[in-house]
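**Q** Contents of final-v4.cif (mmCIF, C-alpha atoms) are given next:
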```
data_input
loop_
_atom_site.label_atom_id
_atom_site.label_comp_id
_atom_site.auth_asym_id
_atom_site.auth_seq_id
_atom_site.Cartn_x
_atom_site.Cartn_y
_atom_site.Cartn_z
CA MET A 286 8.93 -50.44 57.97
CA SER A 287 9.44 -51.35 54.41
CA GLU A 288 6.02 -49.83 53.62
CA LYS A 289 7.14 -46.41 54.84
CA LYS A 290 10.40 -46.43 52.91
CA GLN A 291 8.59 -47.16 49.70
CA GLN A 292 7.14 -43.63 49.05
CA VAL A 293 6.04 -44.45 45.53
CA THR A 294 4.08 -47.64 45.08
CA ARG A 295 4.44 -49.75 41.99
CA ARG A 296 0.89 -48.79 41.01
CA GLN A 297 1.60 -45.06 41.39
CA PHE A 298 4.87 -45.34 39.49
CA LEU A 299 3.14 -47.02 36.58
CA ASN A 300 0.37 -44.43 36.62
CA TYR A 301 2.84 -41.55 36.49
CA THR A 302 4.86 -43.07 33.68
CA LEU A 303 1.81 -43.88 31.61
CA THR A 304 0.30 -40.42 32.07
CA GLY A 305 3.63 -38.84 31.22
CA VAL A 306 4.22 -40.84 28.08
CA GLY A 307 0.58 -40.58 27.05
CA GLY A 308 0.69 -36.83 27.57
CA PHE A 309 3.70 -36.48 25.33
CA MET A 310 2.07 -38.54 22.63
CA ALA A 311 -1.15 -36.54 22.82
CA ALA A 312 0.78 -33.27 22.74
CA GLY A 313 2.77 -34.50 19.76
CA MET A 314 -0.47 -35.02 17.89
CA LEU A 315 -2.34 -31.94 19.08
CA ILE A 316 0.30 -29.24 18.71
CA PRO A 317 0.62 -29.46 14.92
CA MET A 318 -3.17 -29.34 14.69
CA LEU A 319 -3.30 -26.33 16.98
CA ARG A 320 -0.56 -24.59 15.01
CA MET A 321 -2.46 -25.08 11.82
CA ALA A 322 -5.60 -23.64 13.38
CA VAL A 323 -3.91 -20.46 14.60
CA ASP A 324 -1.56 -20.12 11.64
CA PRO A 325 -3.55 -17.40 9.83
CA VAL A 326 -3.47 -15.34 13.02
CA LEU A 327 0.27 -15.74 13.32
CA GLN A 328 0.82 -14.74 9.73
CA GLU A 329 -1.23 -11.61 9.87
CA SER A 330 0.67 -10.29 12.86
CA GLY A 331 3.87 -10.64 10.89
CA ALA A 332 2.74 -8.50 7.96
CA GLY A 333 6.28 -7.54 7.05
CA ASP A 334 5.61 -7.43 3.32
CA MET A 335 3.66 -4.20 3.35
CA VAL A 336 5.33 -1.72 1.04
CA ASN A 337 5.51 2.04 1.32
CA VAL A 338 4.02 3.26 -1.95
CA GLY A 339 5.21 6.82 -1.50
CA LEU A 340 1.80 8.39 -1.04
CA SER A 341 0.95 10.56 1.92
CA VAL A 342 -2.45 9.92 3.47
CA ASP A 343 -3.24 13.62 3.24
CA ASP A 344 -3.03 13.41 -0.54
CA ILE A 345 -5.70 10.74 -0.83
CA THR A 346 -8.99 12.23 -2.04
CA ASP A 347 -12.35 10.76 -2.91
CA GLU A 348 -11.22 10.76 -6.56
CA PRO A 349 -9.40 7.48 -7.33
CA GLN A 350 -5.77 8.12 -8.23
CA ARG A 351 -3.25 5.81 -9.80
CA VAL A 352 -0.36 4.73 -7.58
CA ASP A 353 2.65 2.83 -8.97
CA TRP A 354 5.33 1.08 -6.98
CA ASN A 355 7.87 -1.71 -7.40
CA VAL A 356 8.14 -5.01 -5.61
CA GLU A 357 11.08 -7.42 -5.73
CA GLN A 358 9.96 -10.78 -6.94
CA VAL A 359 11.83 -14.02 -7.43
CA ASP A 360 10.13 -15.83 -10.22
CA GLY A 361 11.63 -19.21 -10.91
CA TRP A 362 14.38 -18.24 -13.32
CA HIS A 363 14.84 -14.62 -12.68
CA GLU A 364 14.72 -12.11 -9.89
CA SER A 365 13.04 -8.93 -10.96
CA GLU A 366 11.39 -5.73 -9.94
CA VAL A 367 7.71 -6.00 -10.63
CA ASN A 368 5.70 -2.91 -11.28
CA GLN A 369 2.46 -2.77 -9.34
CA THR A 370 -0.41 -0.36 -9.56
CA ALA A 371 -3.43 0.46 -7.45
CA TRP A 372 -6.37 2.87 -7.57
CA VAL A 373 -6.45 4.64 -4.21
CA PHE A 374 -9.21 6.85 -2.81
CA THR A 375 -11.34 7.40 0.27
CA ASP A 376 -14.90 6.07 0.26
CA GLU A 377 -17.97 7.87 1.62
CA ASN A 378 -17.14 6.72 5.16
CA GLY A 379 -13.69 8.28 4.88
CA ASP A 380 -11.99 4.86 4.77
CA ILE A 381 -9.05 4.35 2.45
CA GLN A 382 -9.68 1.94 -0.42
CA ALA A 383 -6.99 0.50 -2.68
CA PHE A 384 -8.16 -1.52 -5.67
CA SER A 385 -6.13 -3.64 -8.02
CA PRO A 386 -6.43 -2.39 -11.63
CA ILE A 387 -6.46 -5.90 -13.03
CA CYS A 388 -9.79 -6.71 -14.68
CA THR A 389 -11.27 -9.87 -13.20
CA HIS A 390 -12.44 -10.90 -16.64
CA LEU A 391 -9.23 -11.52 -18.60
CA GLY A 392 -6.67 -9.33 -16.88
CA CYS A 393 -6.61 -6.04 -18.78
CA PHE A 394 -5.78 -2.75 -17.13
CA VAL A 395 -8.84 -1.04 -15.69
CA SER A 396 -8.98 2.77 -15.53
CA TRP A 397 -11.06 5.11 -13.41
CA GLU A 398 -13.50 6.90 -15.71
CA GLY A 399 -11.72 5.25 -18.63
CA SER A 400 -14.75 5.86 -20.82
CA ASP A 401 -16.59 9.13 -21.27
CA ASP A 402 -19.87 7.26 -21.59
CA HIS A 403 -19.61 5.82 -18.09
CA PRO A 404 -18.60 8.50 -15.61
CA ASN A 405 -17.95 7.59 -11.99
CA GLU A 406 -17.08 4.00 -12.84
CA PHE A 407 -13.98 1.90 -13.44
CA PHE A 408 -13.76 0.92 -17.07
CA CYS A 409 -11.93 -1.91 -18.83
CA PRO A 410 -11.03 -1.00 -22.44
CA CYS A 411 -10.80 -4.57 -23.69
CA HIS A 412 -14.40 -5.72 -23.53
CA ASP A 413 -16.16 -2.74 -21.98
CA GLY A 414 -16.17 -4.27 -18.52
CA ARG A 415 -17.36 -1.86 -15.84
CA TYR A 416 -17.15 -1.61 -12.07
CA TYR A 417 -18.91 0.73 -9.66
CA LYS A 418 -16.80 2.96 -7.47
CA ASP A 419 -16.89 0.40 -4.66
CA GLY A 420 -15.23 -2.06 -7.04
CA THR A 421 -18.21 -4.34 -7.66
CA ASN A 422 -18.72 -5.41 -11.23
CA VAL A 423 -21.63 -3.90 -13.11
CA PRO A 424 -24.04 -6.75 -13.93
CA GLY A 425 -24.35 -7.46 -17.62
CA THR A 426 -20.73 -6.55 -18.41
CA PRO A 427 -18.11 -9.29 -18.93
CA PRO A 428 -16.41 -9.35 -15.48
CA LEU A 429 -17.94 -11.80 -13.04
CA ALA A 430 -16.18 -10.68 -9.88
CA PRO A 431 -15.37 -7.38 -8.17
CA LEU A 432 -11.89 -5.84 -8.37
CA ASP A 433 -9.32 -7.24 -5.96
CA VAL A 434 -8.55 -5.18 -2.89
CA TYR A 435 -5.07 -4.43 -1.55
CA GLU A 436 -4.43 -4.83 2.17
CA HIS A 437 -3.51 -1.41 3.42
CA GLU A 438 -2.03 0.15 6.48
CA VAL A 439 -1.11 3.68 7.49
CA ARG A 440 2.24 4.19 9.18
CA ASP A 441 3.49 7.68 10.05
CA GLY A 442 1.01 9.25 7.67
CA MET A 443 2.23 7.18 4.71
CA LEU A 444 0.21 4.56 2.88
CA PHE A 445 1.52 0.99 2.91
CA LEU A 446 0.03 -1.64 0.63
CA GLY A 447 0.33 -5.41 0.85
CA GLN A 448 -1.16 -8.21 -1.18
CA ALA A 449 -4.18 -7.90 -3.41
CA LYS A 450 -7.00 -10.06 -2.09
CA SER A 451 -9.86 -11.41 -4.14
CA ARG A 452 -13.36 -10.68 -2.88
CA GLY A 453 -14.86 -13.70 -4.60
CA GLU A 454 -17.81 -13.74 -6.95
CA ALA A 455 -20.59 -11.26 -6.46
CA MET B 186 -1.54 -12.82 -23.67
CA LYS B 187 1.70 -14.28 -24.80
CA TRP B 188 2.89 -17.40 -26.53
CA LYS B 189 3.23 -19.08 -23.13
CA LYS B 190 1.77 -22.24 -21.68
CA GLU B 191 -0.43 -20.64 -19.01
CA ASP B 192 -1.67 -17.89 -21.30
CA LEU B 193 -2.53 -20.30 -24.09
CA ASN B 194 -4.42 -22.48 -21.68
CA GLN B 195 -6.56 -19.46 -20.89
CA TYR B 196 -6.70 -18.48 -24.55
CA VAL B 197 -8.19 -21.77 -25.67
CA GLN B 198 -11.02 -21.34 -23.17
CA ALA B 199 -11.75 -17.70 -23.95
CA LYS B 200 -10.73 -17.29 -27.58
CA GLU B 201 -13.85 -15.42 -28.60
CA TYR B 202 -12.60 -12.50 -26.49
CA ILE B 203 -9.06 -12.36 -27.86
CA ASP B 204 -9.29 -11.00 -31.39
CA THR B 205 -6.09 -9.00 -31.81
CA VAL B 206 -2.55 -10.08 -32.61
CA ILE B 207 0.65 -8.08 -32.28
CA ILE B 208 3.75 -9.12 -34.25
CA PRO B 209 6.96 -7.22 -33.50
CA LEU B 210 9.25 -6.97 -36.57
CA ILE B 211 12.88 -6.74 -35.50
CA PRO B 212 15.91 -6.52 -37.80
CA PHE B 213 19.15 -8.20 -36.87
CA GLN B 214 22.59 -7.79 -38.42
CA PHE B 215 26.36 -8.05 -37.92
CA THR B 216 27.50 -6.42 -41.18
CA ASP B 217 27.23 -2.77 -40.38
CA GLU B 218 29.19 -2.14 -37.21
CA GLN B 219 28.20 1.50 -37.09
CA ASN B 220 24.58 0.69 -36.62
CA ILE B 221 24.93 -2.50 -34.66
CA GLU B 222 24.36 -0.84 -31.32
CA LYS B 223 21.44 1.17 -32.58
CA ASN B 224 19.75 -1.92 -34.00
CA ALA B 225 20.23 -3.89 -30.80
CA PHE B 226 18.95 -1.01 -28.75
CA GLN B 227 15.85 -0.61 -30.89
CA SER B 228 15.23 -4.32 -30.59
CA GLU B 229 15.38 -4.05 -26.81
CA VAL B 230 13.06 -1.06 -26.76
CA LEU B 231 10.56 -2.70 -29.07
CA SER B 232 10.46 -5.83 -26.91
CA ILE B 233 9.79 -3.76 -23.81
CA LEU B 234 7.21 -1.69 -25.64
CA THR B 235 5.26 -4.67 -26.95
CA ASN B 236 5.43 -6.35 -23.54
CA GLU B 237 3.96 -3.27 -21.89
CA ILE B 238 1.18 -2.99 -24.45
CA GLU B 239 0.40 -6.63 -23.92
CA LYS B 240 0.28 -6.05 -20.17
CA GLU B 241 -2.29 -3.25 -20.51
CA LEU B 242 -4.50 -5.13 -22.95
CA THR B 243 -3.86 -8.75 -21.95
CA GLY B 244 -7.48 -9.77 -22.19
CA ARG B 245 -7.84 -8.99 -25.85
CA VAL B 246 -4.36 -9.06 -27.33
CA MET B 247 -2.08 -11.95 -28.20
CA LEU B 248 1.60 -11.09 -28.47
CA ILE B 249 3.20 -13.33 -31.09
CA PRO B 250 6.91 -14.25 -30.81
CA ASN B 251 9.15 -11.58 -32.38
CA TYR B 252 9.80 -11.84 -36.11
CA TYR B 253 13.54 -11.42 -36.65
CA TYR B 254 15.04 -10.90 -40.09
CA ILE B 255 18.42 -9.91 -41.48
CA LYS B 256 18.53 -6.18 -41.90
CA SER B 257 19.94 -6.30 -45.44
CA SER B 258 17.51 -8.89 -46.73
CA ASP B 259 14.84 -8.04 -49.25
CA LEU B 260 11.74 -6.97 -47.38
CA ASP B 261 9.56 -8.17 -50.26
CA ASP B 262 10.71 -11.71 -49.52
CA GLU B 263 10.19 -11.16 -45.84
CA SER B 264 6.66 -9.95 -46.40
CA THR B 265 5.92 -13.19 -48.27
CA ILE B 266 7.02 -15.14 -45.20
CA LEU B 267 4.95 -12.85 -43.01
CA ARG B 268 1.89 -13.57 -45.11
CA GLY B 269 2.44 -17.18 -44.13
CA TRP B 270 2.43 -16.10 -40.49
CA THR B 271 -0.80 -14.19 -40.82
CA GLU B 272 -2.38 -17.10 -42.69
CA GLU B 273 -1.42 -19.36 -39.79
CA ILE B 274 -2.79 -16.84 -37.28
CA LYS B 275 -6.10 -16.57 -39.11
CA LYS B 276 -6.67 -20.26 -38.40
CA GLN B 277 -7.97 -18.92 -35.10
CA PRO B 278 -10.70 -16.29 -34.93
CA PHE B 279 -8.35 -13.28 -34.83
CA LYS B 280 -9.71 -10.16 -36.49
CA HIS B 281 -6.94 -7.60 -36.13
CA VAL B 282 -3.25 -8.03 -36.87
CA PHE B 283 -0.78 -5.31 -35.93
CA PHE B 284 2.87 -5.25 -36.98
CA LEU B 285 5.09 -3.09 -34.79
CA THR B 286 8.50 -1.99 -35.99
CA PHE B 287 11.18 0.70 -35.83
CA ASP B 288 12.39 -0.20 -39.33
CA SER B 289 11.11 2.42 -41.78
CA GLY B 290 11.69 0.05 -44.70
CA TRP B 291 8.38 -1.60 -43.94
CA LYS B 292 6.41 1.58 -44.44
CA LYS B 293 6.75 1.29 -48.24
CA ARG B 294 5.64 -2.33 -48.20
CA GLU B 295 2.68 -1.77 -45.96
CA GLY B 296 0.29 -2.96 -48.67
CA LYS B 297 2.02 -6.32 -48.91
CA LEU B 298 1.30 -7.12 -45.30
CA ASP B 299 -1.98 -8.63 -44.28
CA GLY B 300 -2.60 -6.37 -41.33
CA THR B 301 -1.95 -2.91 -39.94
CA LEU B 302 1.64 -1.69 -39.85
CA LEU B 303 2.58 0.61 -36.99
CA TRP B 304 5.93 2.12 -37.76
CA LEU B 305 7.33 3.94 -34.77
CA PRO B 306 9.87 6.60 -35.57
CA GLY B 307 12.52 7.62 -33.18
CA VAL B 308 14.30 6.05 -30.28
CA LYS B 309 17.88 5.63 -31.43
CA SER B 310 19.90 5.66 -28.28
CA GLY B 311 19.64 6.31 -24.61
CA ASP B 312 19.62 4.48 -21.33
CA LEU B 313 16.87 1.89 -21.04
CA HIS B 314 16.71 2.19 -17.29
CA SER B 315 16.66 5.96 -17.04
CA ALA B 316 13.59 7.79 -15.85
CA GLU B 317 13.24 9.67 -19.17
CA MET B 318 13.18 6.46 -21.14
CA HIS B 319 10.51 5.14 -18.80
CA THR B 320 8.28 8.13 -19.44
CA VAL B 321 8.91 7.97 -23.19
CA ILE B 322 7.95 4.30 -23.28
CA LYS B 323 4.95 4.84 -21.03
CA ASP B 324 3.64 7.60 -23.29
CA GLN B 325 4.21 5.49 -26.38
CA VAL B 326 2.39 2.56 -24.80
CA GLU B 327 -0.55 4.77 -23.94
CA GLN B 328 -0.82 6.18 -27.45
CA ILE B 329 -0.37 2.88 -29.25
CA GLY B 330 -2.93 1.37 -26.90
CA GLU B 331 -5.38 4.09 -27.82
CA LEU B 332 -4.74 3.53 -31.51
CA ILE B 333 -5.31 -0.22 -31.20
CA ARG B 334 -8.51 0.42 -29.26
CA SER B 335 -9.77 2.67 -32.04
CA TYR B 336 -9.74 -0.36 -34.34
CA TRP B 337 -11.96 -2.40 -31.98
#
```
Taking this structure as input, can you express it in the form of structure tokens?

**A**
Amino acid sequence: MSEKKQQVTRRQFLNYTLTGVGGFMAAGMLIPMLRMAVDPVLQESGAGDMVNVGLSVDDITDEPQRVDWNVEQVDGWHESEVNQTAWVFTDENGDIQAFSPICTHLGCFVSWEGSDDHPNEFFCPCHDGRYYKDGTNVPGTPPLAPLDVYEHEVRDGMLFLGQAKSRGEA
Amino acid sequence: MKWKKEDLNQYVQAKEYIDTVIIPLIPFQFTDEQNIEKNAFQSEVLSILTNEIEKELTGRVMLIPNYYYIKSSDLDDESTILRGWTEEIKKQPFKHVFFLTFDSGWKKREGKLDGTLLWLPGVKSGDLHSAEMHTVIKDQVEQIGELIRSYW
């Protein structure tokens, strides 16, 4: 009689509790690790900091053009509007490219065809640094890395640019 | 580059590439109330201008802290002090020194300065944040940049 009334045995009860508590502890350890692993994915989906740079996609040609826009930036002591610039054009595959104009050597302002001696290249006036049209540095000139690339997105026919990303040494 | 901790850290490692110095010369005064606004405005414009030039040519130009002097003081005395500045600067391998100013008084004493004086005529009043002023400053920056590059 008493056997039937006791639906959960002592052994079962202990098993359940231990699994339960153990499960919580394991989850407590695993979830932060999992979050860290998928974090980059989560961040990319929330790309809210893309900025409309006021350039229609139809106006982008295969000739790099200078695009200026402002970004609000809080910088320790002061909040300010920071002026940003990109060289925007379409490459031979028809894809939009947006390069940062900051020379990877010492940070001067790089111009498209900035020197008459080097047509069809980006040119840095400070130390004659050069980059091919795809942004890679010309070997033998001071820069050691290609130009940074802006993340870009097209919304409603307008160009949106995000952060400039380094392509590493090449 | 500027007289700032991070920039100087980079400077020390790459000094062979940075061979040009810009010194803004800015007068300051409280005597002449009629011109007080004009002087302050020119000082603001010159600071913006030199900052923009520095931004374009960061990798080869060092922007020195502004040199302020009293408007009515004798510029011959001031140029003696400035020679001390350039002497100090030449302790590092700088080759070109540019003085930028809106004060025409310096033009006559150009020879007393150890460097190239760029006297910029003009900008007396206006709204710093207006679109016209932006274009004016942008054009100036471009032309001064070209001039500096012609010395390299």

**Q** Could you pull the residues within 10 Å of segment 330-336 of chain B, counting all atoms listed in the file, minus those fewer than 4 positions along the same chain, as a list in words?

**A** Pro410 and Cys411 of chain A; Thr205, Ile207, Glu237, Ile238, Glu239, Glu241, Leu242, Val246, His281, Val282, Phe283, Thr301, Leu303, Asp324, Gln325 and Val326 of chain B

**Q** Using only C-alpha atoms, I'd like every residue of chain A that has an atom within 12 Å of chain B; please write them out as a list in words.

**A**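 Residues satisfying the distance criterion: Asn368, Gln369, Thr370, Pro386, Ile387, Cys388, Thr389, His390, Leu391, Gly392, Cys393, Phe394, Val395, Ser396, Gly399, Ser400, Cys409, Pro410, Cys411, His412, Asp413, Gly414, Pro427 and Pro428 of chain A.
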
**Q** Residue by residue, what does the PyMOL selection byres ((chain A and resi 354) around 12) grab here? Present the result as a PyMOL selection string.

**A** chain A and resi 335-340+351-353+355-357+366-372+444-447

**Q** Return as AutoDock Vina command-line options the centre and edge lengths, in Å with one decimal, of the box along x, y and z that encloses every atom of segment 426-439 of chain A in the file, padded by 4 Å per side.

**A**
```
--center_x -10.9 --center_y -4.1 --center_z -5.7 --size_x 27.6 --size_y 23.5 --size_z 34.4
```

**Q** Could you tell me which of B:Gln198, B:Leu298, B:Lys280, B:Asp288 comes closest to Arg268 of chain B if we count only C-alpha atoms?

**A**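 Using only C-alpha atoms, the shortest distance to Arg268 of chain B belongs to B:Leu298.
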
**Q** Which residue, A:Pro349, A:Pro317, A:Pro424, A:Pro404, has the smallest gap to Gln382 of chain A when you use all atoms listed in the file?

**A**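 Under the stated criterion, the closest residue is A:Pro349.
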
**Q** Just give me the gap between atom CA of Val423 of chain A and atom CA of Asp376 of chain A in Å, one decimal is fine.

**A**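 Interatomic distance here is 18.0 Å.
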
**Q** For Asp419 of chain A, list every protein, DNA or RNA residue within 12 Å, evaluated using all atoms listed in the file, and leave out those in the same chain fewer than 6 positions away; present the list as a compact mmCIF listing (two decimals) with C-alpha atoms, in the frame of the given file.

**A**
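The result, written out as selection_33.txt:
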```txt
# COMPACT_ATOMS: atom_id res chain seq x y z
CA ASP A 347 -12.35 10.76 -2.91
CA GLU A 348 -11.22 10.76 -6.56
CA PRO A 349 -9.40 7.48 -7.33
CA TRP A 372 -6.37 2.87 -7.57
CA VAL A 373 -6.45 4.64 -4.21
CA PHE A 374 -9.21 6.85 -2.81
CA THR A 375 -11.34 7.40 0.27
CA ASP A 376 -14.90 6.07 0.26
CA GLU A 377 -17.97 7.87 1.62
CA ASN A 378 -17.14 6.72 5.16
CA ASP A 380 -11.99 4.86 4.77
CA ILE A 381 -9.05 4.35 2.45
CA GLN A 382 -9.68 1.94 -0.42
CA ALA A 383 -6.99 0.50 -2.68
CA PHE A 384 -8.16 -1.52 -5.67
CA SER A 385 -6.13 -3.64 -8.02
CA TRP A 397 -11.06 5.11 -13.41
CA ASN A 405 -17.95 7.59 -11.99
CA GLU A 406 -17.08 4.00 -12.84
CA PHE A 407 -13.98 1.90 -13.44
CA PRO A 431 -15.37 -7.38 -8.17
CA LEU A 432 -11.89 -5.84 -8.37
CA ASP A 433 -9.32 -7.24 -5.96
CA VAL A 434 -8.55 -5.18 -2.89
CA ARG A 452 -13.36 -10.68 -2.88
```

**Q** Separation of atom CA of Met443 of chain A and atom CA of Glu364 of chain A, in Å?

**A**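 Taking atom CA of Met443 of chain A as the start and atom CA of Glu364 of chain A as the end point, the length is 27.2 Å.
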
**Q** Enter the distance from atom CA of Val308 of chain B to atom CA of Ser289 of chain B, in Å, rounded to one decimal.

**A** 12.5 Å

**Q** Could you list, as a PyMOL selection string, every residue matched by the PyMOL selection byres ((chain B and resi 220-231) around 9) in this structure?

**A** chain B and resi 209-219+232-236+285-287+308-311+313+322

**Q** Kindly output segment 296-312 of chain B as a CSV table (one decimal), keeping the file's coordinate frame, after building N, CA, C and O atoms.

**A**
```
chain,number,residue,atom,x,y,z
B,296,GLY,N,1.4,-2.3,-47.9
B,296,GLY,CA,0.3,-3.0,-48.7
B,296,GLY,C,0.5,-4.5,-48.8
B,296,GLY,O,-0.5,-5.2,-49.1
B,297,LYS,N,1.8,-4.9,-48.7
B,297,LYS,CA,2.0,-6.3,-48.9
B,297,LYS,C,1.8,-7.1,-47.6
B,297,LYS,O,1.8,-8.4,-47.7
B,298,LEU,N,1.5,-6.4,-46.6
B,298,LEU,CA,1.3,-7.1,-45.3
B,298,LEU,C,-0.2,-7.3,-45.1
B,298,LEU,O,-1.0,-6.3,-45.4
B,299,ASP,N,-0.6,-8.4,-44.5
B,299,ASP,CA,-2.0,-8.6,-44.3
B,299,ASP,C,-2.3,-8.2,-42.8
B,299,ASP,O,-2.4,-9.0,-41.9
B,300,GLY,N,-2.4,-6.9,-42.7
B,300,GLY,CA,-2.6,-6.4,-41.3
B,300,GLY,C,-2.2,-4.9,-41.3
B,300,GLY,O,-2.0,-4.3,-42.3
B,301,THR,N,-2.2,-4.3,-40.1
B,301,THR,CA,-2.0,-2.9,-39.9
B,301,THR,C,-0.5,-2.7,-39.5
B,301,THR,O,-0.1,-3.3,-38.5
B,302,LEU,N,0.3,-1.9,-40.2
B,302,LEU,CA,1.6,-1.7,-39.8
B,302,LEU,C,1.7,-0.4,-39.0
B,302,LEU,O,1.2,0.6,-39.3
B,303,LEU,N,2.3,-0.6,-37.8
B,303,LEU,CA,2.6,0.6,-37.0
B,303,LEU,C,4.1,0.8,-37.0
B,303,LEU,O,4.8,0.1,-36.3
B,304,TRP,N,4.5,1.8,-37.8
B,304,TRP,CA,5.9,2.1,-37.8
B,304,TRP,C,6.2,3.2,-36.7
B,304,TRP,O,5.5,4.3,-36.8
B,305,LEU,N,7.1,3.0,-35.8
B,305,LEU,CA,7.3,3.9,-34.8
B,305,LEU,C,8.6,4.6,-35.1
B,305,LEU,O,9.7,4.0,-35.1
B,306,PRO,N,8.6,5.9,-35.3
B,306,PRO,CA,9.9,6.6,-35.6
B,306,PRO,C,10.6,6.8,-34.3
B,306,PRO,O,10.0,6.7,-33.2
B,307,GLY,N,11.9,7.1,-34.4
B,307,GLY,CA,12.5,7.6,-33.2
B,307,GLY,C,13.5,6.8,-32.5
B,307,GLY,O,14.5,6.4,-33.1
B,308,VAL,N,13.3,6.6,-31.2
B,308,VAL,CA,14.3,6.0,-30.3
B,308,VAL,C,15.5,5.4,-30.9
B,308,VAL,O,15.5,4.3,-31.4
B,309,LYS,N,16.6,6.1,-30.8
B,309,LYS,CA,17.9,5.6,-31.4
B,309,LYS,C,18.9,5.2,-30.4
B,309,LYS,O,19.6,4.3,-30.5
B,310,SER,N,18.9,6.0,-29.3
B,310,SER,CA,19.9,5.7,-28.3
B,310,SER,C,19.4,6.2,-27.0
B,310,SER,O,18.4,6.9,-26.9
B,311,GLY,N,20.1,5.9,-25.9
B,311,GLY,CA,19.6,6.3,-24.6
B,311,GLY,C,19.9,5.2,-23.6
B,311,GLY,O,20.4,4.1,-23.9
B,312,ASP,N,19.4,5.5,-22.4
B,312,ASP,CA,19.6,4.5,-21.3
B,312,ASP,C,18.3,3.9,-21.0
B,312,ASP,O,17.3,4.6,-20.6
```
